[in-house]
Amino acid sequence: MEFTLKEIADRVGGEVSGDDRTRITGINSLELASEGEISFFTGSPRYKKQVLQTKASALLVSHLLESFSGSQVIVPNPSLAYAGVASLFARPVARHPGISDRAFIAQSAVVGENVSVYPFVYVGEKAQIGDDAVLYPGVFVGDRARVGNRTTLFPNVTVMNDCLIGNEVIIHAGCVIGADGFGFVRDGSKNIKIPQLGMVQIDDRVEIGANSCVDRAALGRTWIRSGVKTDNLVQIAHNVVIGEDSVIVAQAAIGGSVRVGRQVVIGGQAAIGDHLNIADHVMIGSQAGVPKSIPEGQVVSGTPAIPHRLWLKTSSLVARLPEFFARIRGLEQKLSHLENISKNR
Amino acid sequence: MEFTLKEIADRVGGEVSGDDRTRITGINSLELASEGEISFFTGSPRYKKQVLQTKASALLVSHLLESFSGSQVIVPNPSLAYAGVASLFARPVARHPGISDRAFIAQSAVVGENVSVYPFVYVGEKAQIGDDAVLYPGVFVGDRARVGNRTTLFPNVTVMNDCLIGNEVIIHAGCVIGADGFGFVRDGSKNIKIPQLGMVQIDDRVEIGANSCVDRAALGRTWIRSGVKTDNLVQIAHNVVIGEDSVIVAQAAIGGSVRVGRQVVIGGQAAIGDHLNIADHVMIGSQAGVPKSIPEGQVVSGTPAIPHRLWLKTSSLVARLPEFFARIRGLEQKLSHLENISKNR
Amino acid sequence: MEFTLKEIADRVGGEVSGDDRTRITGINSLELASEGEISFFTGSPRYKKQVLQTKASALLVSHLLESFSGSQVIVPNPSLAYAGVASLFARPVARHPGISDRAFIAQSAVVGENVSVYPFVYVGEKAQIGDDAVLYPGVFVGDRARVGNRTTLFPNVTVMNDCLIGNEVIIHAGCVIGADGFGFVRDGSKNIKIPQLGMVQIDDRVEIGANSCVDRAALGRTWIRSGVKTDNLVQIAHNVVIGEDSVIVAQAAIGGSVRVGRQVVIGGQAAIGDHLNIADHVMIGSQAGVPKSIPEGQVVSGTPAIPHRLWLKTSSLVARLPEFFARIRGLEQKLSHLENISKNR
């Protein structure tokens, strides 16, 4: 694949400084780019030195760089432009031609047009598969489940019965959508299972990272709203609602019946307790443990989570506890000395 | 499906207040219930308002509610009654009729009566599958492994060779039972693998959450005793023993050779170090890090774990460290001032 | 299987004290060993009592034990000797004879000699499978991916397109190698996907624990160097490099573009932030949260991570915060009293 620099600039709404007929054969990092490739510079000081050393033939930049002698494409947001140019060079998702005769599709299932079903896929009774969907080997789609148009289920993804997956959704390998929520009630010493009668609804343009789990609701639905992106190994419990365009980093866990707002960012390995409300635009730091609801726009860290700035301060003070302890001891000794003087006077 | 309120009350040992011939078509939450459905109220203040607004035709309650005008079923434990009524309305686990000719069953394997084996299941040499077991697509049962009666293995579950799964066990999708324990010994700079010669034994009525891992023992067995329930993405290392009816919440990790007692509750993302003993009825908070054994009945939290009440106190004091620091500084200044006065006197 | 004690001693470079013709039928722990089996004692006080009670016929020891009456094999490192003897008794990995006709191998794939491919394996276009490799049911090998010689992929492992797996690699069940890295860029309220154009390279003798994820690079490669061992449910993000012979314990997470040196040990549930450099021989404690790069040989713990010894000290002081607080209050009262005296004088 090859594009001229002009074609690339047009694609990302940028302006070329230099020869716009330069032929570009790929995109790469500053470090790895070779001649003929384009790279990008976001302005981060971390990469300033690499601009001097890169072999890239062109750069996506926000301002003209004197430190780079090749062609430059000036764009408002080099990261966004990088995503756009990368999509020019990306291979499309590989498709099995049509429906493999080694797949199992129940007779009552409804399969759309131009669907790609690899070998060893199972589609259950009355399930629906939308147009242009791609189902990789080992995918299981349970009875009455629905998979939308242009949605991709990567290898060994499980979608249990009655779950609804929207359009243009990407579910990475090994995910489990719609396993039973963790609902038990104690009867004496025994744990009695609460049957999980609900389902999972995943809206359009959601992407779920590999080996993540989204549990079906006890009653009603667990709901991942449009544009949500999760990283790998994420746990989303029963009856959770995740608002539009929120982002969940690897290994985070969202407790049962939690409502997460829009454009929330949940850091890696963070945990949110059951039944809480996380309002829009909240940011939760990595490894934070959230024991109570968080109002709109707050940034929190730590376990239990506190405002991020306070957490930064307390974290550095915790490391100074030995010193504080010594200072308290010093104060006690001096004070006791003073008290003696005072008594003897 | 439809039951009279009398049938429902009989099922859960409750007493009807109102018309016991009311026909009930389903169970739902207070919020989601529509006419004809029953709901439940556990007494939690969180849901008091919803009792006033619910459209449910009947409620499971522990005491007669004046705030609800429909029929009521008085039971000792509404949560338990909810579980019982939900099981009336739950769909049975879907079964493939018989053994699919697209499954692979080794010739020496022994398969019980009335077994449901979906396509793309693999059952190894000398493996045994009990009566009424259900094996979903993508299930792997290794050589000589045994799966008990009425046990369900959901899609893409792996049970490695020689592992024993009891009766009425539920293993959710994507679990790995009997992968090698993490055993290595350093030889100079190299990590030499310690072959993991043992297996995993899972007793009756255990339920394992999706994408969880239970490693085989180095020697002997890793043993999950009857009635244990784990949530998703849980890690159980080699040679662990989990006592009867214990509960492990999502993403918790139990280190090698740990013994966990009966009716222990291990919170989400908690971690227990190798070789420890967690006695009966212990409760371990979410995200706790347990570096030493815990005696019977203790409740702990934090990393390193300390008694839960102490942790609550220290957590709130940590947030006040900036204030303490300022107070220490203030004390030092005042004291130094007093010392000067004292010297000059 | 059966070996004489002499054969065992020769295998591990040890010296027999006692009858070297003793026939040994297995290896087991001190606790579980029965007559005819060999066990081992590493010197740990935890097992001293078990030496007195074991029924083992022989022991691997570093020094002759008076407390044991059976035969002994004196070796420099009993743990290492245990690994060696266990490998004598270990079953070889079970192999399907040849390539199952229920597997799907693309016509353009290249498959080596003496390969074992179980039913329900998918191997994509132009993929290469090395000699003596074993692919269990449910394994997916994407287009152009390569699997080395004597490498084992356990059930339901996914290796996405273009990834390279070296020789003598073991990937446990349910792992996902080469799913997309978590790369998004905000465009207003929307998260725009950054296509992940790179791949994963896993070098020789690596072992990856069950249900772990190694993401493909955004550009270039994510690189797991030779001899690395990971436990289960580990997350390795895009563009990470893990140095030779490093060890990663269960549920740890390595952020994007992190460079980890050689022989590093990363504890369970630890998390390393994006773009950091973890130098050779570093040790990171369980559940640690690492927000900045760590120089060679350091041992760190806590969130945010600090030197391990300091963390031990601060952890114990945190538990004493209620006492400190009381002492500060006491100091303030006494000081105020003294000030009053001083004023009134």
# chains A, B, ... in the order shown; residues from 1 in each chain; ligands from 1
>>> select_by_dssp(residues="segment 84-198 of chain C", states="strand (DSSP E or B)", output="PyMOL selection string")
chain C and resi 99+104-105+110-111+116-117+122-123+128-129+134-135+140-141+146-147+152-153+158-159+164-165+170-171+176-177+184-187+190-193
>>> interface_residues(of="chain A", to="chain B", cutoff="7 Å", atoms="only C-alpha atoms", output="short mmCIF file (atom, residue, chain, number, x, y, z; two decimals) with N, CA, C and O atoms, in the first residue's frame")
data_model
loop_
_atom_site.label_atom_id
_atom_site.label_comp_id
_atom_site.auth_asym_id
_atom_site.auth_seq_id
_atom_site.Cartn_x
_atom_site.Cartn_y
_atom_site.Cartn_z
N PHE A 120 -15.90 -24.13 13.52
CA PHE A 120 -15.98 -24.34 14.98
C PHE A 120 -16.70 -23.21 15.71
O PHE A 120 -16.50 -23.00 16.91
N GLY A 138 -14.29 -20.92 17.50
CA GLY A 138 -14.49 -21.07 18.93
C GLY A 138 -15.52 -20.11 19.51
O GLY A 138 -15.77 -20.13 20.71
N PHE A 140 -19.06 -18.81 20.57
CA PHE A 140 -20.34 -19.39 20.95
C PHE A 140 -21.35 -18.26 21.06
O PHE A 140 -21.13 -17.29 21.79
N ASN A 156 -12.85 -17.73 20.38
CA ASN A 156 -13.19 -18.24 21.71
C ASN A 156 -13.97 -17.25 22.58
O ASN A 156 -13.94 -17.32 23.81
N THR A 158 -17.42 -16.09 24.15
CA THR A 158 -18.69 -16.70 24.53
C THR A 158 -19.74 -15.61 24.73
O THR A 158 -19.53 -14.70 25.54
N GLY A 174 -11.57 -14.57 23.86
CA GLY A 174 -11.68 -15.12 25.21
C GLY A 174 -12.67 -14.44 26.12
O GLY A 174 -12.83 -14.84 27.27
N VAL A 176 -16.14 -13.37 27.96
CA VAL A 176 -17.36 -14.08 28.33
C VAL A 176 -18.44 -13.03 28.60
O VAL A 176 -18.35 -12.26 29.56
N ALA A 179 -22.30 -14.58 31.38
CA ALA A 179 -22.26 -15.63 32.40
C ALA A 179 -23.11 -15.16 33.59
O ALA A 179 -23.41 -13.96 33.72
N PHE A 182 -22.80 -12.99 40.15
CA PHE A 182 -22.40 -13.66 41.39
C PHE A 182 -23.45 -13.36 42.45
O PHE A 182 -23.29 -12.46 43.28
N VAL A 185 -27.39 -16.26 48.29
CA VAL A 185 -27.91 -15.82 49.57
C VAL A 185 -27.65 -16.94 50.57
O VAL A 185 -27.77 -18.11 50.24
N SER A 189 -25.44 -22.34 56.77
CA SER A 189 -24.05 -22.34 56.30
C SER A 189 -23.96 -22.40 54.78
O SER A 189 -22.87 -22.28 54.23
N LYS A 190 -25.08 -22.64 54.11
CA LYS A 190 -25.04 -22.88 52.66
C LYS A 190 -25.26 -21.60 51.86
O LYS A 190 -25.98 -20.71 52.30
N ASN A 191 -24.67 -21.55 50.67
CA ASN A 191 -24.88 -20.45 49.74
C ASN A 191 -25.88 -20.89 48.68
O ASN A 191 -25.59 -21.77 47.88
N LYS A 193 -27.96 -20.35 45.35
CA LYS A 193 -27.83 -19.58 44.11
C LYS A 193 -29.09 -18.78 43.83
O LYS A 193 -30.21 -19.30 43.92
N ILE A 194 -28.93 -17.52 43.50
CA ILE A 194 -30.03 -16.71 42.99
C ILE A 194 -29.98 -16.81 41.47
O ILE A 194 -29.03 -16.31 40.84
N PRO A 195 -30.97 -17.47 40.86
CA PRO A 195 -30.93 -17.60 39.40
C PRO A 195 -30.83 -16.23 38.74
O PRO A 195 -31.51 -15.28 39.18
N LEU A 197 -31.75 -14.14 35.96
CA LEU A 197 -32.78 -14.19 34.92
C LEU A 197 -32.61 -13.12 33.85
O LEU A 197 -33.29 -13.15 32.83
N ASN A 211 -10.36 -11.58 27.18
CA ASN A 211 -10.58 -12.30 28.44
C ASN A 211 -11.32 -11.48 29.50
O ASN A 211 -11.22 -11.75 30.69
N CYS A 213 -14.93 -10.15 31.31
CA CYS A 213 -16.20 -10.78 31.66
C CYS A 213 -17.26 -9.71 31.91
O CYS A 213 -17.02 -8.78 32.67
N LEU A 219 -31.83 -9.56 37.31
CA LEU A 219 -33.15 -9.21 36.74
C LEU A 219 -32.89 -8.01 35.85
O LEU A 219 -32.10 -7.14 36.20
N THR A 314 -0.86 12.69 50.69
CA THR A 314 -0.81 11.70 51.78
C THR A 314 0.18 10.59 51.44
O THR A 314 0.87 10.08 52.31
N LEU A 317 3.48 11.69 52.34
CA LEU A 317 3.64 11.80 53.80
C LEU A 317 3.73 10.41 54.45
O LEU A 317 4.44 10.24 55.44
N LEU A 331 9.69 15.60 70.45
CA LEU A 331 8.83 16.59 71.11
C LEU A 331 8.50 16.13 72.52
O LEU A 331 8.54 16.92 73.48
#
>>> calpha_fit_and_write(fixed="chain A", moving="chain B", output="compact mmCIF listing (two decimals) with C-alpha atoms, in the first residue's frame")
# COMPACT_ATOMS: atom_id res chain seq x y z
CA MET B 1 -0.05 0.00 0.02
CA GLU B 2 1.21 3.46 -0.79
CA PHE B 3 -0.20 6.99 -0.56
CA THR B 4 1.17 10.38 -1.48
CA LEU B 5 1.71 12.82 1.33
CA LYS B 6 -1.08 14.90 -0.19
CA GLU B 7 -3.51 11.99 0.04
CA ILE B 8 -2.51 11.52 3.67
CA ALA B 9 -2.84 15.22 4.49
CA ASP B 10 -6.29 15.29 2.87
CA ARG B 11 -7.36 12.29 4.90
CA VAL B 12 -6.51 13.94 8.23
CA GLY B 13 -7.27 17.56 7.32
CA GLY B 14 -3.63 18.65 7.47
CA GLU B 15 -1.38 20.96 5.54
CA VAL B 16 1.83 19.74 3.91
CA SER B 17 5.11 21.55 4.43
CA GLY B 18 7.52 20.07 1.89
CA ASP B 19 6.97 17.88 -1.16
CA ASP B 20 3.37 16.68 -1.11
CA ARG B 21 4.08 14.08 -3.82
CA THR B 22 6.37 12.12 -1.46
CA ARG B 23 5.21 8.48 -1.54
CA ILE B 24 4.47 7.04 1.89
CA THR B 25 4.53 3.27 2.36
CA GLY B 26 3.64 2.95 6.01
CA ILE B 27 3.42 4.58 9.42
CA ASN B 28 5.73 3.83 12.29
CA SER B 29 7.12 5.18 15.54
CA LEU B 30 9.95 7.72 15.41
CA GLU B 31 12.33 5.02 16.59
CA LEU B 32 11.27 2.28 14.17
CA ALA B 33 10.37 4.28 11.05
CA SER B 34 12.47 3.67 7.95
CA GLU B 35 12.70 5.66 4.74
CA GLY B 36 9.37 6.00 2.98
CA GLU B 37 7.41 5.83 6.24
CA ILE B 38 5.60 8.61 8.04
CA SER B 39 5.74 9.08 11.81
CA PHE B 40 4.26 11.56 14.29
CA PHE B 41 5.32 13.83 17.13
CA THR B 42 2.76 14.74 19.78
CA GLY B 43 4.94 17.36 21.43
CA SER B 44 5.93 15.09 24.32
CA PRO B 45 9.44 15.94 25.59
CA ARG B 46 10.02 12.17 25.90
CA TYR B 47 10.33 11.91 22.13
CA LYS B 48 12.17 15.14 21.26
CA LYS B 49 15.48 13.39 20.87
CA GLN B 50 13.96 10.75 18.62
CA VAL B 51 12.79 13.46 16.20
CA LEU B 52 16.44 14.28 15.55
CA GLN B 53 17.31 10.63 14.91
CA THR B 54 14.27 9.29 13.07
CA LYS B 55 14.61 7.96 9.54
CA ALA B 56 10.96 8.74 8.76
CA SER B 57 10.37 10.56 5.46
CA ALA B 58 7.59 12.68 6.92
CA LEU B 59 6.05 13.63 10.24
CA LEU B 60 2.59 14.48 11.52
CA VAL B 61 3.09 17.52 13.78
CA SER B 62 1.06 20.28 15.39
CA HIS B 63 3.68 22.97 14.64
CA LEU B 64 6.45 23.03 12.08
CA LEU B 65 9.59 21.51 13.61
CA GLU B 66 12.98 22.98 12.81
CA SER B 67 14.65 19.89 14.20
CA PHE B 68 13.26 17.71 11.37
CA SER B 69 14.41 18.13 7.78
CA GLY B 70 11.83 15.91 5.99
CA SER B 71 8.30 16.80 4.96
CA GLN B 72 5.79 17.66 7.65
CA VAL B 73 2.00 17.53 7.80
CA ILE B 74 0.63 20.14 10.17
CA VAL B 75 -2.56 18.97 11.90
CA PRO B 76 -4.52 20.18 14.93
CA ASN B 77 -4.01 16.89 16.81
CA PRO B 78 -1.10 14.64 15.78
CA SER B 79 -2.36 11.71 17.91
CA LEU B 80 -5.71 11.80 16.17
CA ALA B 81 -4.02 12.16 12.79
CA TYR B 82 -1.83 9.15 13.64
CA ALA B 83 -4.98 7.10 14.29
CA GLY B 84 -6.39 8.21 10.95
CA VAL B 85 -3.26 7.45 8.96
CA ALA B 86 -2.77 4.11 10.74
CA SER B 87 -6.27 3.12 9.64
CA LEU B 88 -5.19 3.74 6.04
CA PHE B 89 -2.41 1.20 6.40
CA ALA B 90 -4.21 -1.29 8.67
CA ARG B 91 -5.11 -4.69 7.27
CA PRO B 92 -8.85 -5.23 7.33
CA VAL B 93 -9.98 -7.90 9.81
CA ALA B 94 -9.41 -11.29 8.13
CA ARG B 95 -12.65 -12.94 7.00
CA HIS B 96 -13.49 -16.55 6.33
CA PRO B 97 -15.30 -16.67 2.99
CA GLY B 98 -18.98 -17.11 3.89
CA ILE B 99 -20.22 -19.60 6.42
CA SER B 100 -17.91 -22.55 7.04
CA ASP B 101 -19.56 -25.94 6.73
CA ARG B 102 -17.62 -26.79 9.86
CA ALA B 103 -19.56 -24.23 11.86
CA PHE B 104 -22.80 -25.19 13.60
CA ILE B 105 -25.72 -22.86 12.97
CA ALA B 106 -29.03 -23.85 14.53
CA GLN B 107 -31.86 -24.17 12.00
CA SER B 108 -33.92 -21.46 13.66
CA ALA B 109 -31.02 -18.98 13.72
CA VAL B 110 -31.24 -15.99 11.39
CA VAL B 111 -28.03 -15.03 9.64
CA GLY B 112 -27.65 -11.75 7.73
CA GLU B 113 -25.93 -10.96 4.46
CA ASN B 114 -22.23 -11.18 3.80
CA VAL B 115 -21.49 -12.79 7.12
CA SER B 116 -18.14 -14.48 7.79
CA VAL B 117 -18.42 -17.55 10.02
CA TYR B 118 -15.22 -19.48 10.62
CA PRO B 119 -15.05 -23.20 11.41
CA PHE B 120 -15.99 -24.33 14.95
CA VAL B 121 -18.42 -21.48 15.56
CA TYR B 122 -21.67 -22.36 17.34
CA VAL B 123 -24.82 -20.27 16.83
CA GLY B 124 -27.83 -21.32 18.91
CA GLU B 125 -31.58 -21.50 18.35
CA LYS B 126 -33.27 -18.29 17.23
CA ALA B 127 -30.00 -16.39 17.48
CA GLN B 128 -29.56 -13.53 15.02
CA ILE B 129 -26.33 -12.58 13.30
CA GLY B 130 -26.27 -9.17 11.57
CA ASP B 131 -24.96 -8.27 8.12
CA ASP B 132 -21.20 -8.27 7.63
CA ALA B 133 -20.56 -9.75 11.07
CA VAL B 134 -17.39 -11.83 11.55
CA LEU B 135 -17.39 -14.80 13.94
CA TYR B 136 -13.98 -16.35 14.55
CA PRO B 137 -13.31 -19.99 15.49
CA GLY B 138 -14.50 -21.06 18.90
CA VAL B 139 -17.15 -18.34 19.13
CA PHE B 140 -20.34 -19.38 20.94
CA VAL B 141 -23.55 -17.41 20.43
CA GLY B 142 -26.31 -18.72 22.69
CA ASP B 143 -29.98 -19.20 22.02
CA ARG B 144 -31.90 -16.04 21.12
CA ALA B 145 -28.75 -13.90 21.40
CA ARG B 146 -28.29 -11.17 18.81
CA VAL B 147 -25.09 -9.94 17.18
CA GLY B 148 -25.31 -6.66 15.24
CA ASN B 149 -24.11 -5.55 11.83
CA ARG B 150 -20.40 -5.22 11.15
CA THR B 151 -19.62 -6.66 14.59
CA THR B 152 -16.54 -8.85 15.11
CA LEU B 153 -16.29 -11.61 17.70
CA PHE B 154 -12.68 -12.81 17.92
CA PRO B 155 -11.69 -16.42 18.72
CA ASN B 156 -13.19 -18.24 21.68
CA VAL B 157 -15.62 -15.46 22.62
CA THR B 158 -18.69 -16.68 24.52
CA VAL B 159 -21.98 -14.80 24.21
CA MET B 160 -24.54 -16.53 26.41
CA ASN B 161 -28.23 -16.90 25.62
CA ASP B 162 -30.45 -13.83 25.20
CA CYS B 163 -27.64 -11.28 25.20
CA LEU B 164 -27.77 -8.41 22.72
CA ILE B 165 -24.63 -7.16 20.99
CA GLY B 166 -24.99 -3.99 18.90
CA ASN B 167 -23.49 -2.82 15.62
CA GLU B 168 -19.80 -2.29 14.95
CA VAL B 169 -18.89 -3.89 18.24
CA ILE B 170 -15.48 -5.54 18.66
CA ILE B 171 -15.15 -8.26 21.28
CA HIS B 172 -11.62 -9.55 21.63
CA ALA B 173 -10.65 -13.17 22.09
CA GLY B 174 -11.67 -15.11 25.16
CA CYS B 175 -14.32 -12.70 26.48
CA VAL B 176 -17.35 -14.07 28.31
CA ILE B 177 -20.53 -12.05 27.86
CA GLY B 178 -23.55 -13.07 29.91
CA ALA B 179 -22.26 -15.63 32.38
CA ASP B 180 -24.29 -15.71 35.59
CA GLY B 181 -23.86 -12.79 37.96
CA PHE B 182 -22.40 -13.67 41.37
CA GLY B 183 -25.65 -13.88 43.30
CA PHE B 184 -25.99 -16.05 46.36
CA VAL B 185 -27.93 -15.82 49.57
CA ARG B 186 -26.91 -17.55 52.77
CA ASP B 187 -29.24 -20.20 54.18
CA GLY B 188 -27.55 -21.26 57.39
CA SER B 189 -24.09 -22.34 56.29
CA LYS B 190 -25.06 -22.87 52.64
CA ASN B 191 -24.88 -20.44 49.73
CA ILE B 192 -28.11 -20.65 47.74
CA LYS B 193 -27.85 -19.58 44.11
CA ILE B 194 -30.03 -16.72 42.97
CA PRO B 195 -30.95 -17.60 39.38
CA GLN B 196 -29.73 -14.85 37.08
CA LEU B 197 -32.78 -14.18 34.90
CA GLY B 198 -31.55 -11.05 33.13
CA MET B 199 -29.16 -10.51 30.23
CA VAL B 200 -26.41 -8.28 28.86
CA GLN B 201 -26.97 -5.51 26.35
CA ILE B 202 -23.93 -4.06 24.59
CA ASP B 203 -24.61 -1.03 22.42
CA ASP B 204 -22.99 0.15 19.20
CA ARG B 205 -19.28 0.81 18.74
CA VAL B 206 -18.29 -0.79 22.05
CA GLU B 207 -14.93 -2.57 22.22
CA ILE B 208 -14.24 -5.16 24.93
CA GLY B 209 -10.66 -6.28 25.71
CA ALA B 210 -9.49 -9.88 25.65
CA ASN B 211 -10.56 -12.30 28.40
CA SER B 212 -12.92 -9.75 29.97
CA CYS B 213 -16.19 -10.78 31.64
CA VAL B 214 -19.54 -9.00 31.57
CA ASP B 215 -22.09 -10.82 33.73
CA ARG B 216 -25.77 -11.09 32.91
CA ALA B 217 -28.19 -9.25 35.18
CA ALA B 218 -29.99 -10.93 38.07
CA LEU B 219 -33.13 -9.19 36.74
CA GLY B 220 -33.28 -6.80 33.81
CA ARG B 221 -30.01 -6.07 32.04
CA THR B 222 -26.35 -5.30 32.46
CA TRP B 223 -25.87 -2.47 30.02
CA ILE B 224 -22.71 -1.29 28.25
CA ARG B 225 -23.67 1.86 26.38
CA SER B 226 -22.36 2.99 23.04
CA GLY B 227 -18.73 3.90 22.57
CA VAL B 228 -17.45 2.28 25.77
CA LYS B 229 -13.94 0.81 25.49
CA THR B 230 -12.53 -1.73 27.91
CA ASP B 231 -9.05 -3.13 28.11
CA ASN B 232 -8.26 -6.79 28.89
CA LEU B 233 -9.28 -8.93 31.87
CA VAL B 234 -11.91 -6.45 33.06
CA GLN B 235 -14.72 -7.64 35.33
CA ILE B 236 -18.18 -6.08 35.00
CA ALA B 237 -20.69 -7.53 37.46
CA HIS B 238 -24.43 -8.03 37.11
CA ASN B 239 -26.76 -5.09 36.60
CA VAL B 240 -23.97 -2.60 36.02
CA VAL B 241 -24.65 0.28 33.63
CA ILE B 242 -21.62 1.91 31.93
CA GLY B 243 -22.35 5.28 30.35
CA GLU B 244 -21.45 6.33 26.84
CA ASP B 245 -17.81 6.68 25.81
CA SER B 246 -16.40 5.61 29.17
CA VAL B 247 -13.04 3.87 29.28
CA ILE B 248 -12.00 1.01 31.57
CA VAL B 249 -8.35 -0.01 31.82
CA ALA B 250 -7.07 -3.56 32.30
CA GLN B 251 -8.10 -5.72 35.27
CA ALA B 252 -10.49 -3.14 36.73
CA ALA B 253 -13.57 -4.52 38.50
CA ILE B 254 -17.00 -2.90 38.63
CA GLY B 255 -19.24 -4.23 41.44
CA GLY B 256 -22.86 -5.28 41.13
CA SER B 257 -25.51 -2.66 40.22
CA VAL B 258 -22.97 0.14 39.89
CA ARG B 259 -23.97 2.98 37.58
CA VAL B 260 -21.08 4.59 35.76
CA GLY B 261 -21.72 7.86 33.90
CA ARG B 262 -20.46 9.10 30.54
CA GLN B 263 -16.84 9.63 29.63
CA VAL B 264 -15.65 8.21 32.90
CA VAL B 265 -12.09 6.85 33.02
CA ILE B 266 -11.46 3.90 35.32
CA GLY B 267 -7.79 3.04 35.85
CA GLY B 268 -6.20 -0.37 35.71
CA GLN B 269 -6.89 -2.73 38.65
CA ALA B 270 -9.30 -0.21 40.18
CA ALA B 271 -12.28 -1.67 42.04
CA ILE B 272 -15.71 -0.11 42.55
CA GLY B 273 -17.94 -1.43 45.35
CA ASP B 274 -21.51 -2.64 44.80
CA HIS B 275 -24.47 -0.30 44.26
CA LEU B 276 -22.44 2.90 43.83
CA ASN B 277 -23.02 5.78 41.48
CA ILE B 278 -20.02 7.11 39.55
CA ALA B 279 -21.11 10.35 37.88
CA ASP B 280 -20.11 11.68 34.46
CA HIS B 281 -16.49 12.61 33.72
CA VAL B 282 -15.11 11.04 36.89
CA MET B 283 -11.53 9.75 36.74
CA ILE B 284 -10.52 6.88 38.99
CA GLY B 285 -6.80 6.16 39.43
CA SER B 286 -5.11 2.79 38.91
CA GLN B 287 -5.58 0.36 41.80
CA ALA B 288 -8.02 2.71 43.52
CA GLY B 289 -10.66 1.13 45.75
CA VAL B 290 -13.93 3.04 45.60
CA PRO B 291 -16.20 2.52 48.62
CA LYS B 292 -18.73 5.28 47.97
CA SER B 293 -20.39 7.18 45.15
CA ILE B 294 -18.41 9.89 43.36
CA PRO B 295 -19.89 13.18 42.16
CA GLU B 296 -19.42 14.54 38.66
CA GLY B 297 -15.95 15.36 37.42
CA GLN B 298 -14.02 14.25 40.51
CA VAL B 299 -10.58 12.70 40.20
CA VAL B 300 -9.83 10.11 42.88
CA SER B 301 -7.06 7.68 43.82
CA GLY B 302 -6.10 5.32 46.62
CA THR B 303 -7.86 2.74 48.75
CA PRO B 304 -10.24 3.92 50.06
CA ALA B 305 -10.33 6.47 47.24
CA ILE B 306 -9.83 10.13 48.11
CA PRO B 307 -9.32 13.19 45.88
CA HIS B 308 -6.28 12.56 43.69
CA ARG B 309 -4.31 15.60 44.88
CA LEU B 310 -4.85 14.73 48.49
CA TRP B 311 -3.76 11.18 47.71
CA LEU B 312 -0.53 12.41 46.13
CA LYS B 313 0.16 14.42 49.28
CA THR B 314 -0.75 11.66 51.74
CA SER B 315 1.24 9.10 49.75
CA SER B 316 4.40 11.12 50.06
CA LEU B 317 3.69 11.75 53.77
CA VAL B 318 3.19 8.03 54.43
CA ALA B 319 6.74 7.48 53.20
CA ARG B 320 7.86 10.03 55.81
CA LEU B 321 6.08 8.38 58.75
CA PRO B 322 9.33 7.11 60.32
CA GLU B 323 10.53 10.73 60.42
CA PHE B 324 7.24 11.98 61.95
CA PHE B 325 7.39 9.29 64.56
CA ALA B 326 10.91 10.38 65.51
CA ARG B 327 9.78 14.02 65.66
CA ILE B 328 6.88 13.15 67.95
CA ARG B 329 9.26 11.27 70.21
CA GLY B 330 11.64 14.24 70.18
CA LEU B 331 8.80 16.60 71.09
CA GLU B 332 7.76 14.37 73.97
CA GLN B 333 11.26 14.30 75.38
CA LYS B 334 11.77 18.04 75.12
CA LEU B 335 8.36 18.74 76.59
CA SER B 336 8.95 16.40 79.47
CA HIS B 337 12.26 18.19 80.08
CA LEU B 338 10.53 21.59 80.05
CA GLU B 339 7.82 20.32 82.40
CA ASN B 340 10.48 19.22 84.85
CA ILE B 341 12.15 22.62 84.69
CA SER B 342 8.77 24.25 85.13
CA LYS B 343 7.93 22.08 88.17
CA ASN B 344 11.30 22.67 89.82
CA ARG B 345 11.12 26.40 89.41
